[in-house]
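Structure below is data08.cif: mmCIF, C-alpha atoms and all ligand atoms.
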```cif
data_start
#
loop_
_atom_site.label_atom_id
_atom_site.label_comp_id
_atom_site.auth_asym_id
_atom_site.auth_seq_id
_atom_site.Cartn_x
_atom_site.Cartn_y
_atom_site.Cartn_z
CA MET A 1 0.00 0.00 0.00
CA GLN A 2 1.26 3.50 -0.79
CA GLN A 3 2.27 5.69 2.11
CA LEU A 4 1.79 9.38 2.73
CA VAL A 5 3.31 11.47 5.53
CA PHE A 6 1.20 14.23 7.08
CA ALA A 7 3.64 16.78 8.55
CA THR A 8 1.81 16.95 11.88
CA ASN A 9 1.36 15.10 15.16
CA ASN A 10 -2.13 16.52 15.72
CA ALA A 11 -4.27 13.41 16.31
CA HIS A 12 -7.53 15.14 15.29
CA LYS A 13 -6.12 16.24 11.94
CA LEU A 14 -4.67 12.78 11.26
CA GLU A 15 -7.99 11.12 12.09
CA GLU A 16 -9.94 13.46 9.81
CA VAL A 17 -7.74 12.73 6.79
CA GLU A 18 -7.52 9.01 7.53
CA ALA A 19 -11.33 8.71 7.60
CA LYS A 20 -11.59 10.28 4.13
CA LEU A 21 -8.83 8.10 2.62
CA ALA A 22 -10.92 4.99 3.32
CA GLY A 23 -7.86 2.76 3.79
CA ARG A 24 -6.50 3.29 0.26
CA ILE A 25 -3.30 5.01 1.39
CA LYS A 26 -1.42 4.50 4.65
CA LEU A 27 -1.14 7.81 6.50
CA LEU A 28 1.93 8.41 8.69
CA SER A 29 2.56 11.18 11.24
CA LEU A 30 5.89 12.88 11.99
CA ASN A 31 6.25 10.61 15.04
CA ASP A 32 5.70 7.57 12.81
CA ILE A 33 8.73 8.51 10.69
CA ASP A 34 10.74 9.47 13.78
CA CYS A 35 10.92 13.13 12.82
CA HIS A 36 11.10 15.29 15.93
CA ASP A 37 12.48 18.43 14.29
CA ASP A 38 10.95 21.81 14.96
CA ILE A 39 9.91 22.98 11.49
CA GLU A 40 9.79 26.77 11.70
CA GLU A 41 6.73 28.42 10.15
CA ILE A 42 8.40 31.58 8.89
CA GLY A 43 6.22 32.15 5.81
CA VAL A 44 3.96 35.17 5.39
CA THR A 45 1.14 33.27 3.69
CA PHE A 46 -0.65 30.03 4.56
CA ALA A 47 0.61 28.50 1.29
CA GLU A 48 4.22 29.35 2.16
CA ASN A 49 3.95 27.77 5.60
CA ALA A 50 2.23 24.65 4.24
CA SER A 51 4.95 24.39 1.61
CA ILE A 52 7.77 24.88 4.15
CA LYS A 53 6.50 21.81 6.02
CA SER A 54 5.96 19.54 3.01
CA LYS A 55 9.28 20.51 1.38
CA TYR A 56 11.19 20.01 4.62
CA ILE A 57 9.89 16.46 4.91
CA TYR A 58 10.36 15.71 1.21
CA ASN A 59 13.92 17.04 1.13
CA LYS A 60 14.91 15.11 4.25
CA TYR A 61 13.10 11.79 3.66
CA GLN A 62 12.17 11.71 -0.07
CA VAL A 63 8.64 10.51 0.71
CA ASN A 64 5.19 11.54 -0.50
CA CYS A 65 3.94 14.04 2.09
CA PHE A 66 1.83 17.09 2.81
CA GLY A 67 1.72 19.99 5.23
CA ASP A 68 -1.12 22.34 6.16
CA ASP A 69 -1.54 25.79 7.61
CA SER A 70 -4.71 27.54 8.73
CA GLY A 71 -5.90 30.70 10.37
CA LEU A 72 -8.46 33.45 10.66
CA GLU A 73 -8.58 36.49 8.36
CA ILE A 74 -10.61 39.53 9.48
CA ASP A 75 -11.42 42.13 6.81
CA ALA A 76 -11.42 45.17 9.12
CA LEU A 77 -8.00 44.14 10.52
CA ASN A 78 -6.33 43.89 7.08
CA ASN A 79 -6.69 40.11 7.18
CA GLU A 80 -5.02 39.76 10.57
CA PRO A 81 -4.39 37.58 12.52
CA GLY A 82 -3.74 35.44 9.38
CA VAL A 83 -0.54 33.39 9.63
CA TYR A 84 -0.09 34.74 13.17
CA SER A 85 -3.42 33.25 14.35
CA ALA A 86 -1.85 30.84 16.86
CA ARG A 87 0.37 33.53 18.43
CA TYR A 88 -1.61 36.75 17.82
CA ALA A 89 -1.41 37.88 21.46
CA GLY A 90 2.21 36.77 21.86
CA THR A 91 2.21 33.31 23.36
CA HIS A 92 1.68 30.37 21.00
CA GLY A 93 -1.71 28.74 21.52
CA ASN A 94 -3.12 31.14 24.16
CA HIS A 95 -6.60 31.09 22.67
CA ALA A 96 -8.29 33.27 25.34
CA ALA A 97 -5.68 36.01 24.92
CA ASN A 98 -5.90 35.79 21.12
CA ILE A 99 -9.70 36.19 21.25
CA ALA A 100 -9.40 39.13 23.66
CA LYS A 101 -6.98 40.84 21.28
CA VAL A 102 -9.32 40.37 18.30
CA LEU A 103 -12.34 41.72 20.21
CA GLU A 104 -10.36 44.70 21.46
CA SER A 105 -8.91 45.47 18.03
CA LEU A 106 -12.33 45.33 16.40
CA GLY A 107 -14.09 47.29 19.14
CA ASP A 108 -17.49 48.45 17.86
CA ASN A 109 -16.49 48.24 14.20
CA SER A 110 -19.61 47.28 12.25
CA ASN A 111 -17.59 45.46 9.57
CA ARG A 112 -17.16 42.05 11.23
CA LYS A 113 -16.57 39.98 8.08
CA ALA A 114 -14.01 37.19 8.47
CA ARG A 115 -13.04 33.80 7.16
CA PHE A 116 -11.11 30.75 8.21
CA ARG A 117 -8.68 29.50 5.58
CA THR A 118 -6.68 26.28 5.25
CA VAL A 119 -4.04 25.61 2.62
CA ILE A 120 -2.51 22.19 2.06
CA SER A 121 0.73 21.61 0.13
CA LEU A 122 1.04 18.05 -1.13
CA ILE A 123 4.23 16.67 -2.62
CA TRP A 124 3.32 13.59 -4.61
CA GLU A 125 6.05 11.86 -6.61
CA GLY A 126 8.15 15.01 -6.54
CA GLU A 127 5.41 17.40 -7.77
CA GLU A 128 3.80 20.01 -5.50
CA TYR A 129 0.00 20.48 -5.49
CA PHE A 130 -2.04 23.00 -3.44
CA PHE A 131 -5.52 22.55 -2.00
CA GLU A 132 -7.51 25.23 -0.22
CA GLY A 133 -10.65 25.56 1.87
CA THR A 134 -12.37 28.66 3.23
CA ILE A 135 -15.47 29.35 5.26
CA GLU A 136 -16.90 32.86 5.40
CA GLY A 137 -18.50 34.30 8.51
CA THR A 138 -18.61 37.12 11.03
CA ILE A 139 -16.93 37.91 14.32
CA ARG A 140 -19.33 38.13 17.26
CA LYS A 141 -18.96 40.88 19.87
CA THR A 142 -18.84 38.37 22.74
CA ILE A 143 -17.78 34.75 23.14
CA SER A 144 -20.33 31.94 22.93
CA GLY A 145 -20.00 28.16 23.30
CA ASN A 146 -17.52 25.70 24.79
CA GLY A 147 -16.73 23.39 21.88
CA GLY A 148 -13.91 23.47 19.35
CA PHE A 149 -10.72 25.45 19.89
CA GLY A 150 -8.98 28.66 18.93
CA TYR A 151 -11.30 31.40 17.69
CA ASP A 152 -14.38 29.13 17.53
CA PRO A 153 -16.29 30.97 20.33
CA ILE A 154 -16.35 34.25 18.33
CA PHE A 155 -16.74 32.92 14.76
CA GLN A 156 -20.24 32.57 13.32
CA PRO A 157 -20.29 30.97 9.86
CA ASN A 158 -22.63 32.58 7.31
CA GLY A 159 -26.02 30.88 7.16
CA TYR A 160 -25.91 29.78 10.83
CA ASP A 161 -26.97 31.55 14.01
CA THR A 162 -24.45 29.82 16.26
CA THR A 163 -20.69 30.08 16.64
CA PHE A 164 -18.37 27.19 15.71
CA ALA A 165 -17.98 26.59 19.45
CA GLU A 166 -21.74 26.00 19.84
CA MET A 167 -21.78 23.29 17.14
CA THR A 168 -21.06 19.62 17.65
CA LEU A 169 -17.67 18.52 16.34
CA GLU A 170 -19.48 16.63 13.58
CA GLN A 171 -21.42 19.73 12.47
CA LYS A 172 -18.27 21.84 12.42
CA ASN A 173 -16.26 19.19 10.62
CA ASN A 174 -18.89 19.02 7.87
CA ILE A 175 -18.48 22.66 6.88
CA SER A 176 -15.07 23.82 8.12
CA HIS A 177 -12.24 25.30 6.06
CA ARG A 178 -10.11 22.29 7.01
CA ALA A 179 -12.79 19.82 5.94
CA ILE A 180 -13.09 21.51 2.53
CA ALA A 181 -9.31 21.47 1.94
CA VAL A 182 -9.01 17.87 3.17
CA GLU A 183 -11.90 16.84 0.90
CA GLN A 184 -10.07 18.27 -2.12
CA LEU A 185 -6.84 16.54 -1.12
CA THR A 186 -8.49 13.18 -0.62
CA GLU A 187 -10.49 13.48 -3.86
CA PHE A 188 -7.18 14.00 -5.66
CA LEU A 189 -5.52 11.06 -3.90
CA ASN A 190 -8.50 8.78 -4.40
CA SER A 191 -8.48 9.56 -8.14
CA LEU A 192 -4.84 8.47 -8.63
P1 LIG B 1 -3.26 25.38 12.37
O1 LIG B 1 -2.37 25.86 11.27
O2 LIG B 1 -4.36 24.48 11.90
O3 LIG B 1 -2.49 24.77 13.52
O4 LIG B 1 -4.01 26.66 12.95
C1 LIG B 1 -3.30 27.81 13.42
C2 LIG B 1 -4.19 28.65 14.32
O5 LIG B 1 -5.31 29.16 13.58
C3 LIG B 1 -4.81 27.91 15.50
O6 LIG B 1 -3.94 27.89 16.61
C4 LIG B 1 -6.05 28.75 15.77
O7 LIG B 1 -5.73 29.90 16.51
C5 LIG B 1 -6.48 29.18 14.38
N1 LIG B 1 -7.44 28.19 13.81
C6 LIG B 1 -7.21 27.35 12.77
N2 LIG B 1 -8.29 26.58 12.53
C7 LIG B 1 -9.20 26.95 13.46
C8 LIG B 1 -10.54 26.49 13.73
O8 LIG B 1 -11.10 25.58 13.10
N3 LIG B 1 -11.16 27.11 14.75
C9 LIG B 1 -10.61 28.09 15.49
N4 LIG B 1 -9.37 28.53 15.30
C10 LIG B 1 -8.67 27.96 14.28
#
```
Full structure transcribed into structure tokens:
Amino acid sequence: MQQLVFATNNAHKLEEVEAKLAGRIKLLSLNDIDCHDDIEEIGVTFAENASIKSKYIYNKYQVNCFGDDSGLEIDALNNEPGVYSARYAGTHGNHAANIAKVLESLGDNSNRKARFRTVISLIWEGEEYFFEGTIEGTIRKTISGNGGFGYDPIFQPNGYDTTFAEMTLEQKNNISHRAIAVEQLTEFLNSL
């Protein structure tokens, strides 16, 4: 069976891709290939960061692989926090502080349009392919819901009256930016 390395150790992301591959390709994590390097995300776009990860793995191990990068873009903040989404308030992964910074920066601004974006860079037999998923929505003025992670408590997708954090994981995973990008990736892989 062909193998594919996902440049992550995030169990939720691995599970989501694995489910869509339906056993056709064996998915490996960074731990599985004994890669414990800190791959620095120094790009200024999601595509650059996704590509940094896939190319790092390809150059070091010469295997089929892909990397992803995601984040939140807010129109009124010139698309910030963007690639800095995980560390917007300074410390990596401090979601409460990141949310507080977004709410403070937006203040009473009536333009609350935003989107989550995911870009995947796949290197398959030496060729690079990109896949992308976005979901449009608005930023609430206050937090709502306990589910999900990151900016979920303040993001309301268009066409819904709840935030991502008020949805079940299944509901969110049906419509999310990541799900759309992963769907495109797996459609490509399943058509090979
Ligand atoms: P990653 O590239 O998927 O690790 O995402 C980087 C950062 O973007 C996360 O730490 C979150 O702050 C934000 N983010 C990405 N996807 C989501 C999501 O589905 N919900 C909320 N925040 C997200």
Surrounding residues of Lys53 of chain A excluding itself and chain neighbours under 4 positions, 7 Å, only C-alpha atoms, as a PyMOL selection string: chain A and resi 7+39+49+57+67
Minimum-distance residue to ligand LIG 1 (chain B), chosen among A:Lys55, A:Arg112, A:Arg87, A:Lys141 (using only C-alpha atoms and all ligand atoms): A:Arg87
Cut-off 10 Å, all atoms listed in the file, neighbours of ligand LIG 1 (chain B) as a ChimeraX atom specification: /A:8,10,13,41,46,49-50,67-73,81-88,92-96,98-99,116-120,135,147-155,164-165,172-173,176-179
Polymer residues at most 7 Å from segment 184-186 of chain A, all atoms listed in the file, same-chain spacing of 6 or more positions, as a list in words: Lys20, Leu21 and Phe131 of chain A
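One finds atom CA of Met1 of chain A at 9.2 Å from atom CA of Gly23 of chain A.
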Distance of atom CA of Leu30 of chain A from atom CA of Leu192 of chain A, expressed in Å to one decimal place: 23.7 Å
12 Å contact set for Gly159 of chain A, all atoms listed in the file, chain neighbours under 4 positions out, as number ranges by chain: A: 135-138, 163, 175
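Distances from A:Val5, A:Leu103, A:Ile33, A:Met167 to Val17 of chain A were compared using all atoms listed in the file, and the smallest one belongs to A:Val5.
Note that atom CA of Lys113 of chain A and atom CA of Glu80 of chain A are 11.8 Å apart.
Remark: for Leu122 of chain A, the closest of the candidate residues A:Val44, A:Cys65, A:Leu28, A:Leu14 is A:Cys65 (distances computed over all atoms listed in the file).
Of the listed residues (A:Thr45, A:Trp124, A:Glu132, A:Ile139), A:Ile139 comes nearest to Ser110 of chain A; the distances count only C-alpha atoms.
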Counting all atoms listed in the file, the option among A:Val182, A:Thr162, A:Gln2, A:Val102 closest to Asn79 of chain A: A:Val102
12 Å contact set for Glu127 of chain A, only C-alpha atoms, chain neighbours under 3 positions out, as a ChimeraX atom specification: /A:51,54-55,58,62-66,121-124,130
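If all atoms listed in the file are the atoms counted, then among A:Gly145, A:Gly133, A:Arg115, A:Asp34 the closest residue to Asn158 of chain A is A:Arg115.
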